[in-house]
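Quick look at query05.cif (mmCIF, C-alpha atoms):
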data_input
#
loop_
_atom_site.label_atom_id
_atom_site.label_comp_id
_atom_site.auth_asym_id
_atom_site.auth_seq_id
_atom_site.Cartn_x
_atom_site.Cartn_y
_atom_site.Cartn_z
CA MET A 1 -6.06 -22.25 -35.45
CA ALA A 2 -5.13 -19.19 -33.48
CA ILE A 3 -8.66 -18.98 -32.09
CA ASP A 4 -8.14 -22.28 -30.40
CA ASN A 5 -5.60 -20.66 -28.16
CA ILE A 6 -7.82 -17.76 -27.11
CA GLY A 7 -9.96 -19.73 -24.78
CA ALA A 8 -7.29 -22.08 -23.68
CA PRO A 9 -6.21 -21.64 -20.11
CA SER A 10 -2.59 -20.59 -20.06
CA ARG A 11 0.07 -22.17 -17.92
CA GLU A 12 0.23 -18.88 -16.01
CA LEU A 13 -3.50 -18.97 -15.29
CA GLU A 14 -3.20 -22.47 -13.98
CA HIS A 15 -0.43 -21.30 -11.69
CA GLU A 16 -2.21 -18.13 -10.58
CA HIS A 17 -3.81 -19.63 -7.54
CA GLU A 18 -1.22 -21.83 -6.00
CA HIS A 19 -1.74 -19.80 -2.85
CA PRO A 20 -0.25 -20.80 0.46
CA GLY A 21 -2.34 -21.84 3.43
CA SER A 22 -3.52 -19.83 6.43
CA ASP A 23 -0.51 -20.86 8.51
CA LEU A 24 1.88 -18.99 6.26
CA TYR A 25 -0.33 -15.89 6.28
CA ILE A 26 -0.41 -15.90 10.08
CA ARG A 27 3.37 -16.32 10.22
CA VAL A 28 3.80 -13.39 7.82
CA ALA A 29 1.44 -11.26 9.94
CA ILE A 30 3.43 -12.09 13.08
CA VAL A 31 6.68 -11.10 11.35
CA LEU A 32 5.09 -7.85 10.13
CA THR A 33 3.93 -7.07 13.68
CA ILE A 34 7.40 -7.71 15.07
CA VAL A 35 9.00 -5.53 12.39
CA THR A 36 6.54 -2.71 13.19
CA ALA A 37 7.45 -3.01 16.87
CA ILE A 38 11.15 -2.87 15.96
CA GLU A 39 10.50 0.30 13.94
CA VAL A 40 8.96 2.00 16.96
CA VAL A 41 11.78 0.81 19.26
CA VAL A 42 14.42 2.07 16.81
CA TYR A 43 12.60 5.42 16.73
CA TYR A 44 12.76 5.82 20.51
CA VAL A 45 16.17 4.38 21.42
CA GLU A 46 18.83 7.08 21.34
CA ALA A 47 21.60 4.61 20.51
CA PHE A 48 20.00 3.96 17.12
CA ARG A 49 19.79 7.64 16.09
CA GLY A 50 22.93 7.33 13.98
CA PHE A 51 21.32 4.97 11.52
CA LEU A 52 17.66 5.68 12.19
CA VAL A 53 16.70 6.68 8.64
CA PRO A 54 18.36 3.78 6.77
CA ALA A 55 17.08 1.31 9.38
CA LEU A 56 13.49 2.56 9.11
CA ILE A 57 13.61 2.55 5.31
CA VAL A 58 14.99 -1.01 5.17
CA LEU A 59 12.36 -2.27 7.64
CA SER A 60 9.59 -0.46 5.78
CA VAL A 61 10.69 -1.84 2.41
CA GLY A 62 10.76 -5.33 3.92
CA LYS A 63 7.19 -4.94 5.18
CA PHE A 64 6.09 -3.53 1.83
CA PHE A 65 7.39 -6.50 -0.13
CA ALA A 66 6.12 -9.02 2.42
CA VAL A 67 2.57 -7.72 2.01
CA VAL A 68 2.85 -7.45 -1.79
CA GLY A 69 4.49 -10.84 -2.15
CA TYR A 70 2.39 -12.91 0.24
CA PHE A 71 -0.90 -11.14 1.02
CA MET A 72 -1.30 -9.81 -2.53
CA HIS A 73 -0.01 -13.15 -3.89
CA LEU A 74 2.41 -11.50 -6.30
CA LYS A 75 5.01 -14.08 -5.34
CA PHE A 76 2.73 -16.84 -6.58
CA ASP A 77 0.85 -15.10 -9.40
CA ASP A 78 1.53 -14.46 -13.04
CA LYS A 79 4.75 -12.46 -13.30
CA ARG A 80 3.08 -9.99 -15.66
CA PHE A 81 1.10 -8.62 -12.71
CA ALA A 82 4.37 -8.04 -10.92
CA TRP A 83 5.86 -6.25 -13.92
CA MET A 84 2.81 -4.05 -14.22
CA PHE A 85 2.96 -3.05 -10.56
CA ALA A 86 6.73 -2.63 -10.73
CA ALA A 87 6.32 -0.19 -13.64
CA GLY A 88 4.01 1.99 -11.56
CA LEU A 89 6.34 1.70 -8.60
CA VAL A 90 9.40 2.75 -10.61
CA ILE A 91 7.61 5.79 -12.03
CA SER A 92 6.32 6.64 -8.58
CA LEU A 93 9.78 6.33 -7.03
CA SER A 94 11.24 8.48 -9.81
CA VAL A 95 8.73 11.23 -9.09
CA PHE A 96 9.32 10.84 -5.37
CA ILE A 97 13.13 11.00 -5.64
CA ALA A 98 13.02 13.94 -8.06
CA ALA A 99 10.63 15.85 -5.82
CA THR A 100 12.47 15.18 -2.57
CA ALA A 101 15.85 15.91 -4.19
CA MET A 102 14.61 19.47 -4.63
CA MET A 103 14.37 19.69 -0.85
CA TRP A 104 18.14 19.46 -0.65
CA SER A 105 18.71 21.74 -3.61
CA ASP A 106 20.14 25.17 -2.80
CA GLU A 107 18.13 26.73 -5.60
CA TYR A 108 14.89 25.45 -4.22
CA TYR A 109 15.57 25.90 -0.51
CA LEU A 110 13.49 28.89 0.54
CA GLY A 111 15.16 29.86 3.77
CA ASP A 112 14.81 33.58 3.09
CA VAL A 113 11.09 33.67 2.48
CA PRO A 114 9.40 36.04 4.99
CA THR A 115 7.50 34.26 7.72
CA THR A 116 4.85 36.96 8.11
CA ILE A 117 2.63 38.74 5.64
CA GLU A 118 2.98 42.51 5.68
CA GLN A 119 -0.33 44.37 5.96
CA MET B 1 -14.09 -28.27 -38.32
CA ALA B 2 -15.57 -30.67 -35.86
CA THR B 3 -12.21 -30.96 -34.23
CA THR B 4 -11.97 -27.17 -33.89
CA VAL B 5 -15.40 -26.97 -32.27
CA VAL B 6 -14.51 -29.72 -29.87
CA GLU B 7 -11.20 -27.99 -29.09
CA LEU B 8 -13.01 -24.70 -28.47
CA GLN B 9 -15.52 -26.37 -26.18
CA THR B 10 -12.76 -28.15 -24.37
CA ALA B 11 -10.79 -24.96 -24.02
CA HIS B 12 -13.77 -23.07 -22.67
CA GLY B 13 -14.70 -25.95 -20.46
CA SER B 14 -11.20 -26.08 -19.11
CA GLY B 15 -11.43 -22.45 -18.18
CA GLY B 16 -14.56 -23.29 -16.30
CA ASP B 17 -12.91 -26.19 -14.60
CA ILE B 18 -10.12 -23.97 -13.46
CA GLY B 19 -12.74 -21.62 -12.23
CA HIS B 20 -14.40 -24.33 -10.21
CA ALA B 21 -11.12 -25.12 -8.63
CA ASP B 22 -10.07 -21.61 -7.83
CA GLY B 23 -12.74 -19.10 -8.64
CA HIS B 24 -12.59 -18.35 -12.37
CA ALA B 25 -15.74 -20.00 -13.66
CA GLU B 26 -17.72 -16.85 -14.42
CA HIS B 27 -14.79 -15.12 -16.05
CA PRO B 28 -14.61 -15.57 -19.82
CA PRO B 29 -11.27 -16.76 -21.12
CA SER B 30 -8.94 -13.98 -22.23
CA SER B 31 -6.24 -13.90 -24.89
CA THR B 32 -3.69 -12.98 -22.24
CA GLY B 33 -4.49 -15.97 -20.07
CA MET B 34 -4.90 -13.56 -17.15
CA ASP B 35 -8.12 -12.69 -15.40
CA SER B 36 -9.16 -9.31 -16.78
CA ARG B 37 -10.61 -8.12 -13.46
CA LYS B 38 -7.36 -8.81 -11.72
CA LEU B 39 -5.40 -7.22 -14.55
CA ILE B 40 -7.39 -3.99 -14.38
CA MET B 41 -7.05 -3.89 -10.59
CA TRP B 42 -3.26 -4.20 -10.84
CA ALA B 43 -3.24 -1.45 -13.49
CA PHE B 44 -5.29 0.74 -11.15
CA LEU B 45 -2.98 -0.01 -8.22
CA ALA B 46 0.04 0.88 -10.35
CA SER B 47 -1.54 4.25 -11.15
CA ASP B 48 -2.54 4.77 -7.52
CA THR B 49 1.07 4.12 -6.54
CA MET B 50 2.06 7.12 -8.66
CA PHE B 51 -0.70 9.17 -7.05
CA PHE B 52 0.49 8.44 -3.52
CA GLY B 53 4.15 8.75 -4.54
CA SER B 54 3.44 12.30 -5.68
CA LEU B 55 1.52 13.12 -2.52
CA ILE B 56 4.26 11.76 -0.25
CA GLY B 57 6.95 13.64 -2.20
CA THR B 58 4.90 16.83 -1.93
CA TYR B 59 4.45 16.28 1.79
CA ILE B 60 8.17 15.85 2.39
CA ILE B 61 9.02 19.04 0.49
CA TYR B 62 6.33 21.14 2.15
CA ARG B 63 6.98 19.77 5.60
CA GLY B 64 10.64 20.73 5.27
CA ARG B 65 9.71 24.20 4.07
CA ALA B 66 7.23 24.71 6.91
CA GLU B 67 9.93 23.82 9.40
CA ALA B 68 12.46 26.07 7.64
CA LEU B 69 10.02 28.97 7.75
CA GLY B 70 9.39 28.41 11.43
CA VAL B 71 5.60 28.45 11.17
CA GLY B 72 4.19 25.84 13.54
CA PRO B 73 2.81 23.61 14.75
CA PHE B 74 5.45 21.14 13.65
CA PRO B 75 5.23 17.37 13.31
CA PHE B 76 7.38 16.71 16.38
CA ASP B 77 5.01 18.93 18.41
CA ILE B 78 1.88 16.97 17.66
CA PHE B 79 2.65 13.44 16.43
CA ASP B 80 1.79 10.69 18.89
CA ILE B 81 3.89 7.76 17.71
CA PRO B 82 2.49 5.08 20.08
CA TYR B 83 -1.06 5.97 19.01
CA THR B 84 -0.18 5.84 15.31
CA SER B 85 1.71 2.57 15.85
CA VAL B 86 -1.48 1.00 17.15
CA SER B 87 -3.32 2.29 14.06
CA ALA B 88 -0.61 0.77 11.85
CA PHE B 89 -0.97 -2.52 13.72
CA VAL B 90 -4.76 -2.46 13.28
CA LEU B 91 -4.43 -1.97 9.52
CA LEU B 92 -1.77 -4.67 9.32
CA MET B 93 -4.07 -7.13 11.08
CA SER B 94 -6.89 -6.20 8.69
CA SER B 95 -4.68 -7.44 5.85
CA LEU B 96 -4.43 -10.78 7.62
CA THR B 97 -8.20 -11.05 8.11
CA MET B 98 -8.71 -10.10 4.46
CA VAL B 99 -6.47 -12.86 3.19
CA LEU B 100 -8.20 -15.30 5.57
CA ALA B 101 -11.56 -14.23 4.07
CA LEU B 102 -10.24 -15.07 0.61
CA GLY B 103 -8.92 -18.40 1.84
CA ALA B 104 -12.32 -19.19 3.36
CA ILE B 105 -14.31 -18.60 0.17
CA GLN B 106 -11.75 -20.48 -1.91
CA ARG B 107 -12.54 -23.45 0.32
CA GLY B 108 -16.26 -22.76 -0.09
CA ASN B 109 -16.67 -21.61 3.52
CA GLN B 110 -19.39 -18.93 3.33
CA ARG B 111 -19.56 -18.34 7.08
CA GLY B 112 -15.80 -17.95 7.29
CA LEU B 113 -15.91 -15.48 4.42
CA ARG B 114 -18.48 -13.31 6.17
CA VAL B 115 -16.77 -13.45 9.55
CA TRP B 116 -13.37 -12.46 8.16
CA LEU B 117 -14.83 -9.82 5.85
CA LEU B 118 -16.69 -8.26 8.77
CA ALA B 119 -13.53 -8.42 10.89
CA THR B 120 -11.62 -6.66 8.11
CA ALA B 121 -14.31 -4.00 7.74
CA LEU B 122 -14.37 -3.50 11.52
CA LEU B 123 -10.59 -3.08 11.71
CA GLY B 124 -10.76 -0.67 8.77
CA ALA B 125 -13.50 1.30 10.51
CA ILE B 126 -11.41 1.41 13.71
CA PHE B 127 -8.50 2.78 11.67
CA VAL B 128 -10.66 5.48 10.05
CA GLY B 129 -12.20 6.35 13.42
CA GLY B 130 -8.72 6.64 14.90
CA GLN B 131 -7.68 8.89 12.06
CA TYR B 132 -10.72 11.11 12.63
CA PHE B 133 -9.82 11.33 16.32
CA GLU B 134 -6.22 12.16 15.42
CA PHE B 135 -7.32 14.89 13.01
CA THR B 136 -9.61 16.37 15.67
CA LEU B 137 -6.78 16.34 18.19
CA PHE B 138 -4.35 17.97 15.76
CA ALA B 139 -6.91 20.64 14.87
CA SER B 140 -7.44 21.42 18.56
CA GLU B 141 -3.66 21.87 18.86
CA GLY B 142 -3.71 24.40 16.04
CA LEU B 143 -2.85 22.30 13.00
CA THR B 144 -5.42 22.84 10.25
CA LEU B 145 -5.34 22.72 6.46
CA THR B 146 -4.38 26.40 6.40
CA SER B 147 -2.00 26.53 9.40
CA ASN B 148 1.13 25.92 7.37
CA MET B 149 2.45 23.85 4.50
CA PHE B 150 2.98 20.89 6.79
CA GLY B 151 -0.70 20.94 7.78
CA ALA B 152 -1.92 21.28 4.19
CA SER B 153 0.22 18.47 2.80
CA PHE B 154 -0.29 16.22 5.84
CA TYR B 155 -4.08 16.42 5.76
CA VAL B 156 -4.23 15.97 1.98
CA LEU B 157 -1.98 12.91 2.07
CA THR B 158 -3.48 11.14 5.09
CA GLY B 159 -6.97 12.33 4.15
CA PHE B 160 -6.73 10.68 0.73
CA HIS B 161 -5.47 7.51 2.38
CA GLY B 162 -8.37 7.63 4.84
CA ALA B 163 -10.76 8.06 1.90
CA HIS B 164 -9.25 4.95 0.31
CA VAL B 165 -9.79 3.00 3.54
CA THR B 166 -13.38 4.26 3.78
CA ILE B 167 -14.10 3.14 0.21
CA GLY B 168 -12.53 -0.22 1.09
CA VAL B 169 -14.78 -0.63 4.14
CA ILE B 170 -17.86 0.11 2.00
CA TRP B 171 -16.62 -2.39 -0.58
CA LEU B 172 -16.12 -5.08 2.09
CA LEU B 173 -19.59 -4.50 3.55
CA THR B 174 -21.00 -4.77 0.02
CA LEU B 175 -19.29 -8.14 -0.33
CA VAL B 176 -20.82 -9.29 2.97
CA TRP B 177 -24.24 -8.21 1.70
CA MET B 178 -23.61 -10.05 -1.60
CA SER B 179 -22.56 -13.13 0.31
CA LEU B 180 -25.73 -13.04 2.42
CA ARG B 181 -27.76 -12.94 -0.79
CA GLY B 182 -25.83 -15.90 -2.18
CA GLY B 183 -23.95 -13.81 -4.71
CA ILE B 184 -20.49 -15.06 -3.83
CA SER B 185 -19.45 -18.64 -4.30
CA GLN B 186 -16.28 -20.66 -4.44
CA GLU B 187 -16.52 -20.39 -8.23
CA ASN B 188 -16.45 -16.60 -8.33
CA SER B 189 -14.13 -15.93 -5.43
CA MET B 190 -12.25 -13.58 -7.73
CA VAL B 191 -14.58 -10.76 -6.60
CA VAL B 192 -13.13 -11.20 -3.11
CA GLU B 193 -9.57 -11.49 -4.40
CA VAL B 194 -9.85 -8.23 -6.36
CA ALA B 195 -11.25 -6.43 -3.30
CA GLY B 196 -8.40 -7.97 -1.30
CA LEU B 197 -5.81 -6.54 -3.69
CA TYR B 198 -7.26 -3.09 -3.13
CA TRP B 199 -7.33 -3.56 0.63
CA HIS B 200 -3.73 -4.78 0.84
CA PHE B 201 -2.65 -1.86 -1.30
CA VAL B 202 -4.21 0.51 1.23
CA ASP B 203 -2.16 -1.30 3.87
CA ILE B 204 1.16 -0.98 2.00
CA VAL B 205 0.52 2.72 1.42
CA TRP B 206 0.13 3.12 5.18
CA ILE B 207 3.36 1.17 5.75
CA VAL B 208 5.14 3.82 3.66
CA ILE B 209 3.26 6.74 5.22
CA PHE B 210 3.93 5.49 8.76
CA THR B 211 7.66 5.42 8.09
CA LEU B 212 8.15 8.49 5.91
CA VAL B 213 5.56 10.77 7.50
CA TYR B 214 5.54 9.77 11.16
CA LEU B 215 8.82 8.09 12.06
CA ILE B 216 11.56 9.72 10.01
CA PRO B 217 12.57 13.06 11.52
CA TYR B 218 13.05 15.89 9.02
CA GLU B 219 13.54 18.78 11.40
CA GLU B 220 17.23 18.01 11.75
CA VAL B 221 17.64 18.14 8.00
CA ALA B 222 15.64 21.33 7.59
CA THR B 223 17.49 23.22 10.31
CA GLY B 224 20.85 21.83 9.33
CA GLU B 225 21.58 20.65 12.86
CA GLY B 226 22.76 17.22 12.01
CA ALA B 227 21.02 14.03 10.93
CA PRO B 228 24.32 12.40 10.00
CA ALA B 229 22.54 9.32 8.72
CA VAL B 230 20.49 11.36 6.26
CA GLU B 231 23.51 13.32 5.10
CA HIS B 232 25.48 10.11 4.76
CA SER B 233 22.65 8.52 2.77
CA MET B 234 22.38 11.51 0.46
CA ASN B 235 26.15 11.57 -0.07
CA LEU B 236 26.07 7.88 -0.82
CA LEU B 237 23.26 8.42 -3.35
CA ALA B 238 25.20 11.28 -4.94
CA ARG B 239 28.32 9.12 -5.27
CA LEU B 240 26.26 6.26 -6.69
CA GLY B 241 24.72 8.66 -9.20
CA ALA B 242 28.13 9.95 -10.21
CA ALA B 243 29.38 6.40 -10.72
CA LEU B 244 26.59 5.54 -13.16
CA PRO B 245 27.73 5.34 -16.79
CA PHE B 246 24.74 7.36 -18.08
#

Hey, can you dump this file as structure tokens for me?
Amino acid sequence: MAIDNIGAPSRELEHEHEHPGSDLYIRVAIVLTIVTAIEVVVYYVEAFRGFLVPALIVLSVGKFFAVVGYFMHLKFDDKRFAWMFAAGLVISLSVFIAATAMMWSDEYYLGDVPTTIEQ
Amino acid sequence: MATTVVELQTAHGSGGDIGHADGHAEHPPSSTGMDSRKLIMWAFLASDTMFFGSLIGTYIIYRGRAEALGVGPFPFDIFDIPYTSVSAFVLLMSSLTMVLALGAIQRGNQRGLRVWLLATALLGAIFVGGQYFEFTLFASEGLTLTSNMFGASFYVLTGFHGAHVTIGVIWLLTLVWMSLRGGISQENSMVVEVAGLYWHFVDIVWIVIFTLVYLIPYEEVATGEGAPAVEHSMNLLARLGAALPF
């Protein structure tokens, strides 16, 4: 009986391609363009220097998830694809945070390394 | 027994029907209910995320060290943000044309598929050409792979991304060639969707690189001259970490 289920299209498969139309994609692209422009403006305007880094990270994360969710259809696809990608993303972020944390570590900071090589 | 055979045929036929509707006809049914080609592409993208995560982390560490050591040229000496912003915009638009190509073939529009695929490949080629020009400019200003740690990590990171884009352009042109030979139909539009996943991934990697590599200033952190927002963020992270129960 189990074999009957192997070939059967799952509910998820049936739902995999409920993709939105071109209008939504164009709207998403316009939003992404505007957000990119805001990033550049925030970078140049002195008044924003105080919260430049958090602002850029928030905008970048927003763009990231807009592309993944809409253009890559993860918002509409089988959730197992999302979990698979999320697993890679979490491991990647862990490596990234661990590596960059060393930058701020006193033990790792190599301020005293000579800048020239003695002959 | 007869019932089982009929059920099997129906099940297989249903898979084909779904394919006719949305591009799965040539794909055999799987026990997971997911298209295996799409599954393997997502697995690859997950692994590639780790690859780029490591490269970006390495870049941030080495860039900070290069600035601390005082061996130039430094990012703020050579980066041209308006130029890179245009490159980011070009790649962003290529994601739009890619998704329009997929939409076209899912409607059975062969001409639309080819037009949008070519547009995507062209935008990708413009991006790679721009990157080549940028590399040439940076090299003429003294930044090479061996200049300092910033140069080494910057070229490795952006070079690998450029290689990904180049592979994507070749892939897209291959799809155009396949389409011209009648190899892509509404029924097997999954070949375009899988290529699209790869292409959009290349775009999201650039979204991260554009922010972390080009826009966020590290020199203030490395020289200890300020960057209150960064310090505040790090303090906030430290306090959050301390508040965790594990």

**Study point:** Chain and number of each residue from the PyMOL selection byres ((chain B and resi 142-146) around 12), as an MDAnalysis selection string
**Key:** chainID B and resid 66 71:75 77:79 134:141 147:159

Practice item. Name the residues captured by the PyMOL selection byres ((chain A and resi 91) around 12) when it is applied to the shown file; answer as a list in words. Key: Met84, Phe85, Ala86, Ala87, Gly88, Leu89, Val90, Ser92, Leu93, Ser94, Val95, Phe96, Ile97 and Ala98 of chain A; Ala46, Ser47, Asp48, Thr49, Met50, Phe51, Phe52, Gly53 and Ser54 of chain B

Check your understanding: Could you state the separation of atom CA of Phe127 of chain B and atom CA of Ser87 of chain B in Å, given to one decimal place?
Key ->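 So the two atoms, atom CA of Phe127 of chain B and atom CA of Ser87 of chain B, lie 5.7 Å apart.
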
Review point. Within 10 Å of Gly21 of chain A, counting all atoms listed in the file, which residues qualify if same-chain residues fewer than 5 places away don't, as number ranges by chain?
Key: A: 26; B: 99-100, 103

Save the residues we just selected, C-alpha atoms, as a PDB file, in the frame of the given file?
ATOM      1  CA  ILE A  26      -0.410 -15.900  10.080  1.00  0.00           C
TER       2      ILE A  26
ATOM      3  CA  VAL B  99      -6.470 -12.860   3.190  1.00  0.00           C
ATOM      4  CA  LEU B 100      -8.200 -15.300   5.570  1.00  0.00           C
ATOM      5  CA  GLY B 103      -8.920 -18.400   1.840  1.00  0.00           C
TER       6      GLY B 103
END

Check your understanding: Nearest to chain A among B:Ile209, B:Leu55, B:Ile167, B:Ile61, with distances taken over all atoms listed in the file: which residue is it?
Key ->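 Smallest distance to chain A is found for B:Ile61.
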
Exercise for review: Could you tell me which of B:Val165, B:Leu122, B:Ile207, B:Val213 comes closest to Ala88 of chain B if we count all atoms listed in the file?
Suggested key: B:Ile207

Check your understanding: With distances taken over only C-alpha atoms, which of B:Ala119, B:Val169, B:Leu92, B:Leu175 is nearest to Lys63 of chain A?
Key ->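 Of the candidates, the smallest distance to Lys63 of chain A is held by B:Leu92.
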
Review point. Can you tell me, as a ChimeraX atom specification, what residues are no more than 9 Å from segment 47-60 of chain A when counting only C-alpha atoms, ignoring any on the same chain fewer than 2 positions away?
Key: /A:35-36,38-39,42-45,62-65 /B:207-208,210-212,215-217,227-230,233

Review point. In Å, how far is it from atom CA of His200 of chain B to atom CA of Phe71 of chain A?
Key: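 If I compute the distance from atom CA of His200 of chain B to atom CA of Phe71 of chain A, I get 7.0 Å.
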
Point to revise | atom CA of Ile184 of chain B to atom CA of Ala121 of chain B, straight-line distance in Å | key: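 Atom-to-atom, atom CA of Ala121 of chain B to atom CA of Ile184 of chain B, that is 17.2 Å.
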
Point to revise | Ground truth for the PyMOL selection byres ((chain B and resi 98) around 8), written as a ChimeraX atom specification | key: /B:94-97,99-102,116-117,120,196,199

Keeping only C-alpha atoms, take the residues you just selected and write them out as a JSON list (two decimals), in the frame of the given file.
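And here is the file that came out, part-v1.json:
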[["chain", "number", "residue", "atom", "x", "y", "z"],
["B", 94, "SER", "CA", -6.89, -6.20, 8.69],
["B", 95, "SER", "CA", -4.68, -7.44, 5.85],
["B", 96, "LEU", "CA", -4.43, -10.78, 7.62],
["B", 97, "THR", "CA", -8.20, -11.05, 8.11],
["B", 99, "VAL", "CA", -6.47, -12.86, 3.19],
["B", 100, "LEU", "CA", -8.20, -15.30, 5.57],
["B", 101, "ALA", "CA", -11.56, -14.23, 4.07],
["B", 102, "LEU", "CA", -10.24, -15.07, 0.61],
["B", 116, "TRP", "CA", -13.37, -12.46, 8.16],
["B", 117, "LEU", "CA", -14.83, -9.82, 5.85],
["B", 120, "THR", "CA", -11.62, -6.66, 8.11],
["B", 196, "GLY", "CA", -8.40, -7.97, -1.30],
["B", 199, "TRP", "CA", -7.33, -3.56, 0.63]]

Point to revise | Nearest to Ser85 of chain B, chosen from B:Gly162, B:Gly112, B:Gly130, B:Gly57, with only C-alpha atoms counted in the distances | key: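 Comparing B:Gly162, B:Gly112, B:Gly130, B:Gly57 against Ser85 of chain B, the winner is B:Gly130.
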
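You can rank B:Leu197, B:Val192, B:Ala104, B:Leu91 by their closest distance to chain A using all atoms listed in the file, and at the top of that list sits B:Leu197.
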
Quick one: segment 139-171 of chain B from the block, C-alpha atoms, as an mmCIF file, in the first residue's frame.
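Output saved as out-v8.cif:
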data_model
loop_
_atom_site.group_PDB
_atom_site.id
_atom_site.type_symbol
_atom_site.label_atom_id
_atom_site.label_comp_id
_atom_site.auth_asym_id
_atom_site.auth_seq_id
_atom_site.Cartn_x
_atom_site.Cartn_y
_atom_site.Cartn_z
ATOM 1 C CA ALA B 139 45.142 47.399 -9.355
ATOM 2 C CA SER B 140 46.273 50.628 -11.035
ATOM 3 C CA GLU B 141 45.826 52.372 -7.671
ATOM 4 C CA GLY B 142 48.098 49.827 -6.030
ATOM 5 C CA LEU B 143 45.660 47.288 -4.619
ATOM 6 C CA THR B 144 46.606 43.776 -5.730
ATOM 7 C CA LEU B 145 46.213 40.308 -4.248
ATOM 8 C CA THR B 146 49.551 40.735 -2.468
ATOM 9 C CA SER B 147 49.316 44.419 -1.456
ATOM 10 C CA ASN B 148 47.845 43.737 1.958
ATOM 11 C CA MET B 149 45.324 41.534 3.722
ATOM 12 C CA PHE B 150 42.490 43.756 2.593
ATOM 13 C CA GLY B 151 43.481 43.254 -1.051
ATOM 14 C CA ALA B 152 43.858 39.491 -0.690
ATOM 15 C CA SER B 153 40.535 38.942 1.062
ATOM 16 C CA PHE B 154 38.679 41.486 -1.101
ATOM 17 C CA TYR B 155 39.765 39.959 -4.402
ATOM 18 C CA VAL B 156 39.117 36.397 -3.217
ATOM 19 C CA LEU B 157 35.614 37.256 -1.995
ATOM 20 C CA THR B 158 34.466 39.409 -4.910
ATOM 21 C CA GLY B 159 36.382 37.239 -7.377
ATOM 22 C CA PHE B 160 34.498 34.124 -6.271
ATOM 23 C CA HIS B 161 31.237 36.038 -6.548
ATOM 24 C CA GLY B 162 32.207 37.187 -10.042
ATOM 25 C CA ALA B 163 32.998 33.577 -10.946
ATOM 26 C CA HIS B 164 29.516 32.590 -9.763
ATOM 27 C CA VAL B 165 27.971 35.302 -11.946
ATOM 28 C CA THR B 166 30.063 34.182 -14.932
ATOM 29 C CA ILE B 167 28.907 30.581 -14.490
ATOM 30 C CA GLY B 168 25.341 31.887 -14.251
ATOM 31 C CA VAL B 169 25.682 33.828 -17.514
ATOM 32 C CA ILE B 170 26.988 30.694 -19.267
ATOM 33 C CA TRP B 171 24.092 28.710 -17.793
#
